[in-house]
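Heads up, target07.tsv below (TSV, C-alpha atoms):
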chain	number	residue	atom	x	y	z
A	1	LYS	CA	66.37	34.55	41.60
A	2	GLN	CA	68.71	34.30	44.52
A	3	TRP	CA	69.91	30.86	43.34
A	4	TYR	CA	71.01	32.25	40.00
A	5	GLN	CA	73.14	34.92	41.68
A	6	ARG	CA	74.65	32.73	44.38
A	7	ARG	CA	76.53	29.59	43.44
A	8	VAL	CA	76.70	27.64	46.72
A	9	ALA	CA	74.57	27.61	49.87
A	10	ILE	CA	75.94	25.97	53.01
A	11	THR	CA	74.35	25.79	56.44
A	12	ALA	CA	75.04	23.85	59.62
A	13	GLY	CA	73.74	23.67	63.16
A	14	ILE	CA	74.09	21.77	66.42
A	15	ASP	CA	71.19	21.14	68.75
A	16	ARG	CA	69.80	18.71	71.29
A	17	VAL	CA	67.26	16.19	70.07
A	18	PHE	CA	65.04	13.65	71.76
A	19	ARG	CA	64.22	10.13	70.65
A	20	ASN	CA	62.25	7.49	72.49
A	21	GLU	CA	65.22	5.13	72.84
A	22	THR	CA	66.08	2.40	75.29
A	23	LEU	CA	69.24	3.54	77.06
A	24	ASP	CA	72.32	1.38	76.57
A	25	ALA	CA	76.04	1.76	75.89
A	26	THR	CA	75.46	3.55	72.56
A	27	HIS	CA	71.96	5.08	72.94
A	28	LEU	CA	70.69	8.11	74.82
A	29	ALA	CA	67.14	9.47	74.79
A	30	GLU	CA	68.51	13.03	74.52
A	31	PHE	CA	71.64	13.77	72.54
A	32	HIS	CA	73.27	16.36	70.29
A	33	GLN	CA	72.95	16.30	66.53
A	34	ILE	CA	75.09	18.13	63.99
A	35	GLU	CA	73.05	18.97	60.92
A	36	GLY	CA	74.29	20.41	57.69
A	37	LEU	CA	73.52	20.84	54.05
A	38	VAL	CA	75.15	22.09	50.89
A	39	ALA	CA	73.19	23.27	47.85
A	40	ASP	CA	74.95	23.65	44.52
A	41	ARG	CA	74.57	22.74	40.91
A	42	ASN	CA	75.39	19.17	39.87
A	43	LEU	CA	76.21	17.78	43.33
A	44	THR	CA	76.41	13.99	43.51
A	45	LEU	CA	76.44	11.25	46.12
A	46	GLY	CA	80.22	11.27	45.72
A	47	HIS	CA	80.32	14.87	46.95
A	48	LEU	CA	78.31	13.88	50.02
A	49	ILE	CA	80.57	10.92	50.82
A	50	GLY	CA	83.69	13.07	50.29
A	51	THR	CA	82.32	15.79	52.58
A	52	LEU	CA	81.60	13.26	55.33
A	53	TYR	CA	85.04	11.62	54.99
A	54	ALA	CA	86.71	15.05	55.24
A	55	PHE	CA	84.63	16.03	58.29
A	56	PHE	CA	85.31	12.83	60.21
A	57	LYS	CA	88.99	12.81	59.21
A	58	LYS	CA	89.33	16.16	60.99
A	59	LEU	CA	87.92	14.48	64.09
A	60	GLY	CA	90.41	11.63	63.76
A	61	LEU	CA	87.86	9.05	62.56
A	62	GLU	CA	88.94	7.43	59.31
A	63	LYS	CA	87.29	3.99	59.48
A	64	LEU	CA	83.90	4.74	57.94
A	65	LYS	CA	81.25	2.60	56.27
A	66	PHE	CA	78.11	3.72	54.47
A	67	LYS	CA	74.93	1.67	54.30
A	68	PRO	CA	71.86	2.43	52.16
A	69	ALA	CA	68.94	3.62	54.27
A	70	TYR	CA	65.45	5.08	53.95
A	71	ASN	CA	64.69	8.69	54.81
A	72	PRO	CA	61.44	10.31	53.66
A	73	TYR	CA	63.07	13.53	52.38
A	74	THR	CA	66.26	12.20	50.80
A	75	GLU	CA	67.04	9.67	48.09
A	76	PRO	CA	69.54	8.13	47.98
A	77	SER	CA	70.02	8.00	51.74
A	78	MET	CA	72.83	6.47	53.79
A	79	GLU	CA	73.60	5.60	57.38
A	80	ILE	CA	77.19	6.33	58.40
A	81	PHE	CA	79.15	3.99	60.67
A	82	SER	CA	82.57	4.20	62.30
A	83	TYR	CA	84.45	1.36	63.95
A	84	HIS	CA	84.68	1.50	67.76
A	85	PRO	CA	87.74	-0.55	68.82
A	86	GLY	CA	86.66	-0.78	72.47
A	87	LEU	CA	83.24	-2.16	71.61
A	88	LYS	CA	84.70	-4.17	68.71
A	89	LYS	CA	81.83	-3.17	66.42
A	90	TRP	CA	80.68	-0.61	63.89
A	91	VAL	CA	78.60	2.13	65.51
A	92	GLU	CA	76.15	4.35	63.62
A	93	ILE	CA	77.36	7.94	63.80
A	94	GLY	CA	74.96	9.63	61.42
A	95	ASN	CA	72.53	9.65	58.57
A	96	SER	CA	72.70	11.48	55.26
A	97	GLY	CA	71.30	11.81	51.79
A	98	MET	CA	70.43	13.91	48.77
A	99	PHE	CA	67.20	15.87	48.98
A	100	ARG	CA	64.47	14.54	46.70
A	101	PRO	CA	63.67	16.94	43.81
A	102	GLU	CA	60.01	17.19	44.85
A	103	MET	CA	61.21	18.66	48.16
A	104	LEU	CA	63.22	21.39	46.44
A	105	LEU	CA	60.96	22.53	43.58
A	106	PRO	CA	58.25	24.09	45.84
A	107	MET	CA	61.01	26.25	47.37
A	108	GLY	CA	61.86	27.69	43.97
A	109	ILE	CA	65.20	25.93	43.73
A	110	PRO	CA	66.16	25.30	40.08
A	111	LYS	CA	66.13	21.71	38.79
A	112	ASP	CA	69.91	21.62	38.28
A	113	VAL	CA	70.59	22.47	41.95
A	114	ASN	CA	71.11	19.45	44.21
A	115	VAL	CA	71.20	19.46	48.01
A	116	ILE	CA	73.30	17.07	50.07
A	117	ALA	CA	72.45	16.86	53.78
A	118	TRP	CA	73.44	15.07	56.96
A	119	GLY	CA	72.53	14.63	60.60
A	120	LEU	CA	75.44	13.41	62.69
A	121	SER	CA	75.81	12.31	66.28
A	122	LEU	CA	78.10	14.33	68.51
A	123	GLU	CA	78.36	11.85	71.37
A	124	ARG	CA	79.15	8.66	69.43
A	125	PRO	CA	82.17	10.05	67.54
A	126	THR	CA	83.37	11.46	70.88
A	127	MET	CA	83.12	7.95	72.35
A	128	ILE	CA	85.20	6.52	69.52
A	129	LYS	CA	87.79	9.32	69.56
A	130	TYR	CA	88.42	9.07	73.30
A	131	GLY	CA	87.94	5.30	73.77
A	132	ILE	CA	84.78	5.60	75.86
A	133	ASN	CA	82.77	2.36	75.82
A	134	ASN	CA	79.57	3.65	77.40
A	135	ILE	CA	77.87	6.78	76.05
A	136	ARG	CA	76.32	7.43	79.49
A	137	GLU	CA	79.80	8.35	80.76
A	138	LEU	CA	79.54	11.57	78.72
A	139	ILE	CA	76.59	12.99	80.65
A	140	GLY	CA	75.36	13.42	84.21
A	141	PRO	CA	77.09	12.13	87.34
A	142	LYS	CA	79.20	9.54	85.48
A	143	VAL	CA	81.23	12.20	83.64
A	144	ASN	CA	84.95	11.84	84.31
A	145	LEU	CA	85.86	15.49	84.95
A	146	ASN	CA	89.59	14.76	84.69
A	147	MET	CA	89.06	13.45	81.15
A	148	VAL	CA	87.12	16.60	80.23
A	149	GLN	CA	89.81	18.88	81.65
A	150	GLU	CA	92.73	16.96	80.13
A	151	ASN	CA	91.27	16.38	76.65
A	152	PRO	CA	89.67	19.14	74.61
A	153	ILE	CA	86.57	17.29	73.43
A	154	CYS	CA	86.19	16.99	69.65
A	155	ARG	CA	89.38	18.86	68.91
A	156	LEU	CA	89.93	19.04	65.18
A	157	ASN	CA	93.09	17.34	63.99
A	158	LYS	CA	95.38	19.12	61.54
A	159	ILE	CA	95.40	17.40	58.18
Structure encoded using structure tokens:
Amino acid sequence: KQWYQRRVAITAGIDRVFRNETLDATHLAEFHQIEGLVADRNLTLGHLIGTLYAFFKKLGLEKLKFKPAYNPYTEPSMEIFSYHPGLKKWVEIGNSGMFRPEMLLPMGIPKDVNVIAWGLSLERPTMIKYGINNIRELIGPKVNLNMVQENPICRLNKI
């Protein structure tokens, strides 16, 4: 009944996650992930793409590409890439999709309510924004403390 009384549900969170990754210039085993979702009636893939463009534009990242992907809980699903000029390549900065209806119905969410969701990297967009070519420079003893003090990390740009 709550869904009939409330039009939109939005949630977001940031946390550390672990993946069994080989460390390199763009991969850490432990990193931060920004997760979010929006539930509303008649949401489309276009709403998801527009939300992601708006979010990254506020961070100063406007060169984005989306690639179809597989995620078990969302369909369609997309990986999100942004161009890193220093590395001269597109770097994955997140994953996203629309929740599958069979995931929502057991929760009592009406059939006309769609949920768009994303999981975004915090470190990789920071690398791109500040021209850092090695993600390992953002953690541990390699952190450039002058850069941290002189640049407010992930400052939102005015649009």
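Proximity ranking of A:Thr44, A:Asn20, A:Glu123, A:Lys67 relative to Arg136 of chain A places A:Glu123 first, based on only C-alpha atoms.
Candidate residues A:Leu87, A:Leu45, A:Ala117, A:Met78 were compared for distance to Asn134 of chain A, and the nearest is A:Leu87, using all atoms listed in the file.
Atom CA of Trp90 of chain A is found 23.5 Å from atom CA of Val143 of chain A.
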**Request:** Compare A:Ile109, A:Ile93, A:Leu104, A:Val115 by their minimum atom-to-atom distance to Met127 of chain A, counting all atoms listed in the file, and give me the closest one.
**Result:** A:Ile93
**Item:** Counting only C-alpha atoms, the residue of A:Glu92, A:Glu30, A:Asp15, A:Glu75 that sits nearest Pro125 of chain A
**Value:** A:Glu92
**Spatial neighbours of segment 46-61 of chain A, max dist 12 Å, only C-alpha atoms, sep filter under 5 positions, as a ChimeraX atom specification** = /A:34-41,66-67,76-85,91,93-99,114-122,124-131,152-159
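From atom CA of Val17 of chain A back to atom CA of Asn71 of chain A, the distance works out to 17.2 Å.
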**Message:** Using all atoms listed in the file for the distances, tell me which of A:Phe31, A:Pro68, A:Pro110, A:Asn133 is nearest to Lys88 of chain A.
**Reply:** A:Asn133
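Closest to Arg16 of chain A among A:Gln33, A:Ala69, A:Pro106, A:Leu64 is A:Gln33, based on all atoms listed in the file.
Between atom CA of Thr11 of chain A and atom CA of Ile139 of chain A there is a distance of 27.5 Å.
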